[in-house]
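This is upload_23.tsv. It holds TSV, C-alpha atoms.
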```tsv
chain	number	residue	atom	x	y	z
O	1	MET	CA	-6.65	-2.35	3.65
O	2	ILE	CA	-8.67	-5.54	3.40
O	3	ASP	CA	-9.63	-5.13	7.08
O	4	ILE	CA	-11.17	-1.76	6.24
O	5	PHE	CA	-13.35	-3.33	3.58
O	6	PHE	CA	-14.47	-6.10	5.90
O	7	LYS	CA	-15.48	-3.44	8.44
O	8	ILE	CA	-17.39	-1.55	5.75
O	9	ALA	CA	-19.21	-4.74	4.76
O	10	SER	CA	-20.05	-5.69	8.33
O	11	ILE	CA	-21.17	-2.19	9.42
O	12	PHE	CA	-23.03	-1.05	6.32
O	13	SER	CA	-24.32	-4.44	5.17
O	14	TYR	CA	-25.66	-4.32	1.59
O	15	PHE	CA	-24.81	-0.66	1.13
O	16	GLY	CA	-21.28	-1.48	2.26
O	17	LEU	CA	-21.07	-4.14	-0.45
O	18	PHE	CA	-22.37	-1.57	-2.95
O	19	LEU	CA	-19.54	0.78	-1.90
O	20	ILE	CA	-16.94	-1.98	-2.08
O	21	GLY	CA	-18.22	-2.93	-5.56
O	22	PHE	CA	-18.07	0.70	-6.64
O	23	ILE	CA	-14.54	1.21	-5.31
O	24	SER	CA	-13.31	-2.09	-6.76
O	25	THR	CA	-14.28	-1.21	-10.33
O	26	SER	CA	-13.75	2.54	-10.30
O	27	THR	CA	-10.00	2.06	-10.47
O	28	ILE	CA	-8.92	1.61	-14.05
O	29	PHE	CA	-6.72	-1.44	-14.72
O	30	LEU	CA	-6.14	-2.21	-11.03
O	31	PRO	CA	-7.54	-5.57	-9.93
O	32	PHE	CA	-9.36	-5.79	-6.62
O	33	PRO	CA	-10.53	-8.95	-4.82
O	34	ILE	CA	-14.25	-8.08	-4.72
O	35	TYR	CA	-15.31	-11.71	-4.99
O	36	ILE	CA	-13.67	-12.58	-1.68
O	37	PHE	CA	-15.91	-10.07	0.10
O	38	THR	CA	-19.06	-11.29	-1.56
O	39	VAL	CA	-18.39	-14.95	-0.84
O	40	ILE	CA	-17.57	-14.23	2.80
O	41	SER	CA	-20.61	-11.94	3.15
O	42	GLU	CA	-22.74	-15.01	3.70
O	43	LYS	CA	-20.94	-15.40	7.03
O	44	PHE	CA	-22.49	-12.04	8.05
O	45	GLY	CA	-25.91	-13.60	7.44
O	46	LEU	CA	-26.59	-11.69	4.23
O	47	ASN	CA	-28.91	-12.97	1.52
O	48	PRO	CA	-26.88	-14.10	-1.56
O	49	LEU	CA	-29.42	-12.63	-4.01
O	50	LEU	CA	-29.31	-9.21	-2.31
O	51	VAL	CA	-25.51	-9.42	-2.08
O	52	ALA	CA	-25.35	-10.05	-5.83
O	53	ILE	CA	-27.70	-7.14	-6.56
O	54	SER	CA	-25.98	-4.60	-4.31
O	55	THR	CA	-22.46	-5.55	-5.31
O	56	SER	CA	-23.30	-5.66	-9.02
O	57	LEU	CA	-24.97	-2.26	-8.86
O	58	GLY	CA	-21.88	-0.81	-7.20
O	59	MET	CA	-19.60	-2.48	-9.73
O	60	SER	CA	-21.70	-1.22	-12.64
O	61	PHE	CA	-21.60	2.39	-11.46
O	62	GLY	CA	-17.88	2.05	-10.74
O	63	GLU	CA	-17.29	1.04	-14.37
O	64	LEU	CA	-18.48	4.49	-15.41
O	65	THR	CA	-14.95	5.76	-14.70
O	66	GLY	CA	-13.70	3.83	-17.74
O	67	TYR	CA	-16.70	4.93	-19.80
O	68	PHE	CA	-16.19	8.61	-18.99
O	69	THR	CA	-12.45	8.32	-19.57
O	70	GLY	CA	-13.24	7.23	-23.13
O	71	TYR	CA	-15.96	9.86	-23.50
O	72	ILE	CA	-13.67	12.68	-22.37
O	73	GLY	CA	-10.95	11.32	-24.67
O	74	TYR	CA	-13.42	11.58	-27.55
O	75	LYS	CA	-14.38	15.15	-26.63
O	76	VAL	CA	-10.73	16.21	-26.36
O	77	SER	CA	-9.62	14.61	-29.65
O	78	LYS	CA	-12.93	14.67	-31.56
O	79	LYS	CA	-11.52	15.98	-34.87
O	80	LYS	CA	-8.61	13.58	-34.90
O	81	ILE	CA	-10.74	10.58	-33.90
O	82	GLU	CA	-13.45	11.21	-36.49
O	83	LYS	CA	-10.82	11.41	-39.24
O	84	ASN	CA	-9.62	7.92	-38.38
O	85	LYS	CA	-10.80	5.50	-41.07
O	86	PHE	CA	-11.57	2.78	-38.51
O	87	TYR	CA	-13.76	4.97	-36.29
O	88	LYS	CA	-16.91	4.67	-38.44
O	89	LYS	CA	-16.44	0.90	-38.65
O	90	PHE	CA	-15.96	0.79	-34.90
O	91	LYS	CA	-19.14	2.82	-34.29
O	92	ASN	CA	-21.13	0.53	-36.59
O	93	TRP	CA	-19.73	-2.53	-34.85
O	94	LEU	CA	-20.60	-0.98	-31.50
O	95	LYS	CA	-24.19	-0.39	-32.63
O	96	LYS	CA	-24.51	-3.99	-33.82
O	97	PHE	CA	-22.68	-5.91	-31.12
O	98	GLY	CA	-22.12	-3.43	-28.29
O	99	SER	CA	-24.82	-4.76	-25.98
O	100	PHE	CA	-23.67	-8.35	-26.35
O	101	ALA	CA	-19.98	-7.40	-25.98
O	102	ILE	CA	-20.71	-5.41	-22.82
O	103	PHE	CA	-22.70	-8.29	-21.34
O	104	LEU	CA	-20.08	-10.87	-22.32
O	105	PHE	CA	-17.12	-8.92	-20.94
O	106	ALA	CA	-19.04	-8.13	-17.74
O	107	PHE	CA	-19.99	-11.79	-17.29
O	108	LEU	CA	-16.65	-13.40	-18.16
O	109	PRO	CA	-13.39	-12.73	-16.31
O	110	LEU	CA	-12.11	-10.41	-19.03
O	111	PRO	CA	-10.57	-6.92	-18.73
O	112	PHE	CA	-13.74	-4.83	-18.62
O	113	ASP	CA	-12.02	-1.42	-18.40
O	114	ILE	CA	-11.19	-1.67	-22.09
O	115	VAL	CA	-14.88	-2.11	-22.92
O	116	GLY	CA	-15.86	0.89	-20.80
O	117	ILE	CA	-13.27	3.11	-22.46
O	118	ALA	CA	-14.28	1.89	-25.93
O	119	CYS	CA	-17.97	2.52	-25.22
O	120	GLY	CA	-17.24	6.04	-24.02
O	121	LEU	CA	-15.05	6.69	-27.04
O	122	GLY	CA	-17.79	5.40	-29.34
O	123	LYS	CA	-20.43	7.47	-27.53
O	124	TYR	CA	-22.45	4.35	-26.73
O	125	ASP	CA	-25.65	5.11	-24.78
O	126	VAL	CA	-24.65	5.30	-21.12
O	127	LYS	CA	-27.99	3.86	-19.91
O	128	LYS	CA	-27.58	0.78	-22.09
O	129	PHE	CA	-23.98	0.52	-20.94
O	130	LEU	CA	-25.12	0.45	-17.30
O	131	VAL	CA	-27.92	-2.05	-17.93
O	132	PHE	CA	-25.81	-4.59	-19.81
O	133	THR	CA	-22.91	-4.14	-17.41
O	134	PHE	CA	-25.24	-4.79	-14.48
O	135	VAL	CA	-26.84	-7.87	-16.06
O	136	GLY	CA	-23.45	-9.44	-16.85
O	137	LYS	CA	-21.93	-8.68	-13.46
O	138	PHE	CA	-25.10	-9.73	-11.62
O	139	LEU	CA	-25.25	-13.13	-13.30
O	140	LYS	CA	-21.53	-13.69	-12.71
O	141	MET	CA	-21.85	-12.68	-9.06
O	142	LEU	CA	-24.89	-14.90	-8.57
O	143	LEU	CA	-23.09	-17.89	-10.09
O	144	ILE	CA	-20.04	-17.31	-7.91
O	145	LEU	CA	-22.09	-16.97	-4.73
O	146	TYR	CA	-24.20	-20.05	-5.32
O	147	PHE	CA	-21.22	-22.07	-6.55
O	148	PHE	CA	-19.33	-21.40	-3.31
O	149	GLU	CA	-22.47	-22.11	-1.30
O	150	LEU	CA	-22.74	-25.50	-3.02
O	151	LEU	CA	-19.04	-26.18	-2.42
O	152	GLU	CA	-19.43	-25.37	1.23
O	153	LYS	CA	-22.43	-27.69	1.57
O	154	PHE	CA	-20.64	-30.47	-0.31
O	155	PHE	CA	-17.36	-30.32	1.62
O	156	PHE	CA	-18.61	-29.20	5.04
O	157	LEU	CA	-21.77	-31.20	5.57
```
So that I can check it, write out the structure of this file as structure tokens.
Amino acid sequence: MIDIFFKIASIFSYFGLFLIGFISTSTIFLPFPIYIFTVISEKFGLNPLLVAISTSLGMSFGELTGYFTGYIGYKVSKKKIEKNKFYKKFKNWLKKFGSFAIFLFAFLPLPFDIVGIACGLGKYDVKKFLVFTFVGKFLKMLLILYFFELLEKFFFL
């Protein structure tokens, strides 16, 4: 399976990394080694900044599966959810801290699927969800790429 993804990355270049990012995050609660592909992508002669952008965009759109899972769950159980005494508190918390929480969970190695489901359940603005997801994942990806580039230069002068 990993060979397939390496072929996608080598044939489709940045768009291939977008697809790999999308696939890697569109599965709920199943980890996928996306960072291996991005770090190795430099060996294909790809620009680290463009790798970070394309992969992060794919990962951000892939996270919409969790968001829409929560959103559909809300639509299906709307009456029951709105009766829950914690739901209003949760929505207020989401309005106050949602953007920061999305960014933080996207940036740190934390289980992001939970955030996506919670944002969908709380009917958080999908555009904001995508923006803050992208910013967090982009910065994390950029740090990873440049960190490994520095390691390579340090150890393999």
Exercise. Extract, using all atoms listed in the file, all DNA, RNA and protein residues at most 7 Å from segment 122-131 of chain O, discarding same-chain residues fewer than 4 positions from it, and format them as a list in words.
Key: Ser60, Tyr71, Lys91, Ala118 and Val135 of chain O
Self-check item: Computed interatomic separation between atom CA of Ile34 of chain O and atom CA of Cys119 of chain O (Å)
Solution: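 Spanning atom CA of Ile34 of chain O to atom CA of Cys119 of chain O is a straight-line distance of 23.4 Å.
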Practice problem: Rank nothing, just name the residue among O:Glu82, O:Ile114, O:Tyr74, O:Phe132 nearest to Phe100 of chain O, using all atoms listed in the file. | Solution: O:Phe132
Quiz prompt | Close residues, segment 140-145 of chain O itself excluded, 9 Å, only C-alpha atoms, min 2 positions apart in chain, as a list in words | solution = Tyr35, Thr38, Val39, Glu42, Pro48, Leu49, Val51, Ala52, Ile53, Thr55, Ser56, Ala106, Phe107, Leu108, Pro109, Val135, Gly136, Lys137, Phe138, Phe147, Phe148, Glu149 and Leu150 of chain O
Quiz item: Looking at all atoms listed in the file, which of O:Ile36, O:Phe15, O:Gly66, O:Gly73 is the one that sits closest to Ile117 of chain O?
Solution: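 Among O:Ile36, O:Phe15, O:Gly66, O:Gly73, it is O:Gly66 that comes nearest to Ile117 of chain O.
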Self-check item: Counting only C-alpha atoms, the residue of O:Gly116, O:Phe97, O:Leu121, O:Ile28 that sits nearest Lys78 of chain O
Solution: O:Leu121
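Distance annotation: of O:Leu64, O:Leu17, O:Leu57, O:Val76, the residue with the minimal separation from Phe44 of chain O is O:Leu17; atom set is all atoms listed in the file.
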Quiz item: With all atoms listed in the file as the atoms that count, which of O:Thr69, O:Asp3, O:Ile40, O:Met59 lies nearest to Phe18 of chain O?
Solution: O:Met59
Exercise. Would you please work out which residue, of O:Phe156, O:Trp93, O:Tyr67, O:Tyr146, is nearest to Thr25 of chain O when using only C-alpha atoms?
Key: O:Tyr67
Quiz prompt | Å distance separating atom CA of Lys79 of chain O from atom CA of Gly98 of chain O, one decimal place | solution =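 Between atom CA of Lys79 of chain O and atom CA of Gly98 of chain O the gap is 23.1 Å.
The space between atom CA of Gly45 of chain O and atom CA of Ser26 of chain O spans 26.9 Å.
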